[in-house]
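Novice: Sharing a structure below in structure tokens format, with a few things to ask.
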Amino acid sequence: MLEISGHRGARGLLPENTLPAFEHAIALGVDTLEFDIGLTRDGVPVVHHDHALNPDHTRDTGGRWLKPPGPLLRDLDMPVLSGFDVGRVRPGSPTTVRFPHQRAYDCARVPTLAEVLALGRRPGAAAVGFDIEIKLSPLAPGETAAPEAFAEAVVAVLRVEGMTSRSSVRAFDWRVLREIRKLAPEIPLGCLTAEQDWRDNILRDRPDPSPWTAGLNIHAHGGSVPRIVHRFGGPVWSPYHSELTAESLAEARDLGLRVVVWTVNDVHDMQALARLGVDGIVTDYPDRAIEALAPWRRNALQTL
């Protein structure tokens, strides 16, 4: 069945990566929750997109907006981090323009990974999966924990919470995926890819391997993104949606890869990708996706 994943919960509707956003996405009927993981100074995996607190999304204990730059997560212990409010966007910020209908939810805190996983034990959420993106960069090693520390912390929480069978781990920096595989080969891995001006982890213009792809060189694999993902051992390829073609999808299929595209918010794009035959769509608007993709999801259920 075509999988719908709520990006950062339901970013178009509620503040990203907050418990209210995840609860709303579950209530809408998503198949999986997609969210990002950082690591605090005291080693707690927390659900937050950026390496640092974003001043456009964050207020202090007195209700004041943070001044840029925000503090790095790796410099904050969990008791301090939990005092910040991430339930509202600064008026006039780019996010207000991009998501004009996002509803504020004051007093929302940065949740821990364990808190989000616990939502899966609530009534009606037993079938919800978790698509966990670990946020780090080989170009900014001083801003986050090392891949090994991330892998150890995330795997430990998944095992304590009993959620390894309902979770997958994804990253643009495949080094951390390699570490996850060493510790927990049972957890499916997803290779995120993009070749955009604002994000490029393939770097095909350079002759040597990209620092993002764990030592693999795309030129040793015919310049094919599906082939380098397959060589790494996926089994999920998660490309930026506009980069997927019928040819690359067919190649991925031949290699046995599942293909989950991100981040798709236009209904026509969702339906075009469903017709193309992707396995999953990550979206800021799961409400739109559930309605727009209902025919494909019904057909899949009828064939089971």
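Within each chain, counting starts at residue 1; across the structure tokens, chains are named A, B, ... in the order shown, with ligands numbered 1 upward in that order.
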Tell me which protein, DNA and RNA residues are within 6 Å of range 43-58 of chain A, counting only C-alpha atoms, leaving out same-chain ones fewer than 5 positions away, and put them as a PyMOL selection string.
Specialist: chain A and resi 36-38+65-68+70-73+85-86+89-90+111-113
Novice: Write out as a count of residues only which residues come within 12 Å of range 128-130 of chain A when counting only C-alpha atoms, dropping same-chain ones fewer than 2 positions away.
Specialist: 50
Novice: Please list as a VMD selection string every residue within 6 Å of range 11-16 of chain A, counting only C-alpha atoms and excluding residues in the same chain fewer than 4 positions away.
Specialist: chain A and resid 21 87 99 102 to 103 284 to 285
Novice: So that I can see what lies close to Val261 in chain A, please list as a list in words the residues with an atom at most 7 Å from it, counting only C-alpha atoms and leaving out residues fewer than 4 positions away in the same chain.
Specialist: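 My list of contacting residues is Ser238, Pro239, Tyr240, His241, Gly280, Ile281 and Val282 of chain A.
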Novice: Can I get the selected residues back with N, CA and C atoms, as a PDB file, in the first residue's frame?
Specialist:
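Writing done, so here's result06.pdb:
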```pdb
ATOM      1  N   SER A 238      15.447   7.257  -0.585  1.00  0.00           N
ATOM      2  CA  SER A 238      14.523   8.358  -0.321  1.00  0.00           C
ATOM      3  C   SER A 238      15.035   9.630  -0.998  1.00  0.00           C
ATOM      4  N   PRO A 239      14.684   9.817  -2.276  1.00  0.00           N
ATOM      5  CA  PRO A 239      15.164  10.976  -3.023  1.00  0.00           C
ATOM      6  C   PRO A 239      14.239  12.179  -2.876  1.00  0.00           C
ATOM      7  N   TYR A 240      14.785  13.358  -3.146  1.00  0.00           N
ATOM      8  CA  TYR A 240      13.947  14.545  -3.266  1.00  0.00           C
ATOM      9  C   TYR A 240      12.978  14.305  -4.413  1.00  0.00           C
ATOM     10  N   HIS A 241      11.721  14.611  -4.198  1.00  0.00           N
ATOM     11  CA  HIS A 241      10.669  14.112  -5.099  1.00  0.00           C
ATOM     12  C   HIS A 241      10.840  14.555  -6.542  1.00  0.00           C
ATOM     13  N   GLY A 280       6.153   5.319  -1.071  1.00  0.00           N
ATOM     14  CA  GLY A 280       5.741   6.198   0.008  1.00  0.00           C
ATOM     15  C   GLY A 280       5.978   7.651  -0.330  1.00  0.00           C
ATOM     16  N   ILE A 281       5.215   8.509   0.329  1.00  0.00           N
ATOM     17  CA  ILE A 281       5.304   9.953   0.143  1.00  0.00           C
ATOM     18  C   ILE A 281       5.377  10.612   1.508  1.00  0.00           C
ATOM     19  N   VAL A 282       6.389  11.435   1.693  1.00  0.00           N
ATOM     20  CA  VAL A 282       6.531  12.233   2.906  1.00  0.00           C
ATOM     21  C   VAL A 282       5.969  13.619   2.618  1.00  0.00           C
TER      22      VAL A 282
END
```
Novice: Which one is closest to Val110 in chain A: A:Ala127, A:Met78, A:Ala250, A:Ala151? Count only C-alpha atoms.
Specialist: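 Among A:Ala127, A:Met78, A:Ala250, A:Ala151, it is A:Met78 that comes nearest to Val110 in chain A.
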Novice: Quick one: everything within 10 Å of Glu251 in chain A, counting only C-alpha atoms, minus sequence neighbours fewer than 6 positions away in the same chain. Send it as a list in words.
Specialist: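 Neighbouring residues, sequence-local ones excluded: Ser224, Val225, Pro226, Arg227, Thr245 and Leu257 of chain A.
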Novice: Range 193-265 of chain A: which residues are alpha helix (DSSP H) by DSSP, as a list in words?
Specialist: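 Here are the alpha helix (DSSP H) residues of range 193-265 of chain A: Val225, Pro226, Arg227, Ile228, Val229, His230, Arg231, Phe232, Ala246, Glu247, Ser248, Leu249, Ala250, Glu251, Ala252, Arg253 and Asp254 of chain A.
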Novice: In Å, how far is it from CA of Leu183 in chain A to CA of Pro211 in chain A?
Specialist: 21.8 Å
Novice: Using the chain letters and numbers from this document, which residues of range 169-281 of chain A does DSSP assign to strand (DSSP E or B), as a ChimeraX atom specification?
Specialist: /A:169-171,189-193,195-196,199-200,235-240,258-262,280-281
